[in-house]
Amino acid sequence: MDIINVVAIMLAPIVSVIIGQFLLNKSEKRKDKMHIFKTLMTSRLYGWTPESVHCLNLIDIVFSDDKRVRAAWKELYDKYCVENPTETDLKKIQNAQYKLLEAMAHSLGYKDKVTWETIQNPYIPNGMVQQIVNQNQSQQAYNSLLVNMQQMMDKGK
């Protein structure tokens, strides 16, 4: 009986550390998956950001245990590789993005909570859309100004 107690006393902390480390690793993986999912859900509104590209490049690592997510990512990646995409290609890219988000939601346990409809209908206020349009127009005007100035300087030489 004493031997069993001694073994139990010695093994309890070791087993506790092993279980704690396992749970910590599992929690970190879920946190990484959630970060990627949230970033890509947000990028539906804004398009490309450095963070969304970074997250896309991490999918094969972070979701390495989920074949469905990785297959959806591969399909999207193949669609991204089309040079000079047409409107039809752009629609296919958008659908592939939504399928990837749907697969991620399913993987994270949001199967019935984050639906196809939820993914396809992000909220973006009209004022924000107008601000983005104005910013793009200002950027184009600035670029045109720089090109014109460069041409004037080249003529003066």
# chains A, B, ... in the order shown; residues from 1 in each chain; ligands from 1

$ residues_around --residues "region 127-138 of chain A" --least-positions-apart "6" --cutoff "10 Å" --atoms "only C-alpha atoms" --output "PyMOL selection string"
chain A and resi 45-46+144

$ residues_around --residues "Lys74 (chain A)" --least-positions-apart "3" --cutoff "10 Å" --atoms "only C-alpha atoms" --output "PDB file with C-alpha atoms, in the first residue's frame"
ATOM      1  CA  ILE A  59      -3.477  28.439 -42.949  1.00  0.00           C
ATOM      2  CA  ASP A  60      -1.478  25.347 -43.931  1.00  0.00           C
ATOM      3  CA  ARG A  68     -11.534  20.594 -45.226  1.00  0.00           C
ATOM      4  CA  VAL A  69     -10.027  24.006 -44.452  1.00  0.00           C
ATOM      5  CA  ARG A  70      -6.812  23.206 -46.290  1.00  0.00           C
ATOM      6  CA  ALA A  71      -8.756  21.991 -49.355  1.00  0.00           C
ATOM      7  CA  TYR A  77      -5.223  29.857 -53.893  1.00  0.00           C
ATOM      8  CA  ASP A  78      -5.709  28.277 -57.328  1.00  0.00           C
ATOM      9  CA  LYS A  79      -8.313  30.937 -58.122  1.00  0.00           C
ATOM     10  CA  TYR A  80      -5.962  33.710 -56.966  1.00  0.00           C
ATOM     11  CA  ALA A  96     -13.975  30.481 -52.800  1.00  0.00           C
ATOM     12  CA  LEU A 100     -12.878  29.007 -46.910  1.00  0.00           C
TER      13      LEU A 100
END

$ residues_around --residues "Leu101 (chain A)" --least-positions-apart "4" --cutoff "7 Å" --atoms "only C-alpha atoms" --output "number ranges by chain"
A: 37, 97, 105

$ closest_residue --among "A:Val53, A:Glu75, A:Trp48, A:Val62" --to "Lys31 (chain A)" --atoms "only C-alpha atoms"
A:Val62

$ select_by_dssp --residues "region 1-156 of chain A" --states "helix (DSSP H, G or I)" --output "ChimeraX atom specification"
/A:2-46,50-62,67-80,87-107,116-120,126-156

$ closest_residue --among "A:Leu11, A:Val6, A:Met41, A:Leu24" --to "Gln120 (chain A)" --atoms "only C-alpha atoms"
A:Met41

$ residues_around --residues "His106 (chain A)" --least-positions-apart "2" --cutoff "12 Å" --atoms "only C-alpha atoms" --output "list in words"
Lys33, Met34, Phe37, Asp66, Lys67, Arg68, Val69, Lys99, Leu100, Leu101, Glu102, Ala103, Met104, Leu108, Gly109, Tyr110, Lys111, Asp112, Lys113, Val114, Thr115 and Trp116 of chain A

$ decode --residues "region 112-140 of chain A" --atoms "N, CA and C atoms" --output "CSV table (one decimal), in the first residue's frame"
chain,number,residue,atom,x,y,z
A,112,ASP,N,-23.5,26.0,-37.1
A,112,ASP,CA,-24.8,26.5,-37.3
A,112,ASP,C,-24.9,27.9,-36.9
A,113,LYS,N,-23.9,28.5,-36.4
A,113,LYS,CA,-23.9,29.9,-35.9
A,113,LYS,C,-23.4,30.9,-36.9
A,114,VAL,N,-22.3,30.6,-37.6
A,114,VAL,CA,-21.8,31.4,-38.7
A,114,VAL,C,-22.2,30.7,-40.0
A,115,THR,N,-23.2,31.2,-40.6
A,115,THR,CA,-23.8,30.5,-41.8
A,115,THR,C,-23.3,31.2,-43.1
A,116,TRP,N,-23.6,30.5,-44.2
A,116,TRP,CA,-23.2,31.1,-45.5
A,116,TRP,C,-23.8,32.5,-45.7
A,117,GLU,N,-25.0,32.7,-45.2
A,117,GLU,CA,-25.6,34.0,-45.3
A,117,GLU,C,-24.9,35.0,-44.5
A,118,THR,N,-24.5,34.7,-43.3
A,118,THR,CA,-23.7,35.6,-42.4
A,118,THR,C,-22.4,36.0,-43.1
A,119,ILE,N,-21.7,35.0,-43.7
A,119,ILE,CA,-20.4,35.3,-44.3
A,119,ILE,C,-20.6,36.2,-45.5
A,120,GLN,N,-21.7,36.0,-46.3
A,120,GLN,CA,-21.9,36.7,-47.5
A,120,GLN,C,-22.3,38.2,-47.3
A,121,ASN,N,-22.8,38.5,-46.1
A,121,ASN,CA,-23.4,39.8,-45.9
A,121,ASN,C,-22.7,40.5,-44.7
A,122,PRO,N,-21.5,41.0,-45.0
A,122,PRO,CA,-20.8,41.8,-44.0
A,122,PRO,C,-21.5,43.2,-43.8
A,123,TYR,N,-21.4,43.7,-42.6
A,123,TYR,CA,-21.9,45.1,-42.4
A,123,TYR,C,-20.8,46.1,-42.7
A,124,ILE,N,-21.2,47.0,-43.6
A,124,ILE,CA,-20.3,48.1,-43.9
A,124,ILE,C,-21.2,49.4,-44.1
A,125,PRO,N,-21.0,50.4,-43.2
A,125,PRO,CA,-21.9,51.6,-43.3
A,125,PRO,C,-21.6,52.4,-44.5
A,126,ASN,N,-22.6,53.0,-45.0
A,126,ASN,CA,-22.5,53.8,-46.2
A,126,ASN,C,-21.5,54.9,-46.1
A,127,GLY,N,-21.4,55.5,-44.9
A,127,GLY,CA,-20.4,56.6,-44.7
A,127,GLY,C,-18.9,56.0,-44.9
A,128,MET,N,-18.7,54.8,-44.5
A,128,MET,CA,-17.4,54.2,-44.6
A,128,MET,C,-17.1,53.9,-46.1
A,129,VAL,N,-18.1,53.4,-46.8
A,129,VAL,CA,-18.0,53.2,-48.3
A,129,VAL,C,-17.6,54.5,-49.0
A,130,GLN,N,-18.3,55.6,-48.6
A,130,GLN,CA,-18.0,56.9,-49.2
A,130,GLN,C,-16.6,57.3,-48.9
A,131,GLN,N,-16.2,57.1,-47.7
A,131,GLN,CA,-14.9,57.5,-47.2
A,131,GLN,C,-13.8,56.7,-48.1
A,132,ILE,N,-14.0,55.4,-48.3
A,132,ILE,CA,-13.1,54.6,-49.1
A,132,ILE,C,-13.0,55.1,-50.5
A,133,VAL,N,-14.2,55.4,-51.1
A,133,VAL,CA,-14.3,55.9,-52.5
A,133,VAL,C,-13.5,57.3,-52.5
A,134,ASN,N,-13.8,58.2,-51.6
A,134,ASN,CA,-13.1,59.5,-51.6
A,134,ASN,C,-11.6,59.3,-51.5
A,135,GLN,N,-11.2,58.4,-50.6
A,135,GLN,CA,-9.8,58.2,-50.4
A,135,GLN,C,-9.1,57.7,-51.7
A,136,ASN,N,-9.8,56.7,-52.4
A,136,ASN,CA,-9.3,56.2,-53.7
A,136,ASN,C,-9.2,57.3,-54.7
A,137,GLN,N,-10.2,58.2,-54.8
A,137,GLN,CA,-10.2,59.2,-55.7
A,137,GLN,C,-9.1,60.2,-55.5
A,138,SER,N,-8.9,60.5,-54.2
A,138,SER,CA,-7.8,61.4,-53.8
A,138,SER,C,-6.4,60.8,-54.2
A,139,GLN,N,-6.3,59.5,-54.0
A,139,GLN,CA,-5.0,58.8,-54.3
A,139,GLN,C,-4.8,58.9,-55.8
A,140,GLN,N,-5.9,58.7,-56.6
A,140,GLN,CA,-5.7,58.7,-58.0
A,140,GLN,C,-5.4,60.1,-58.5
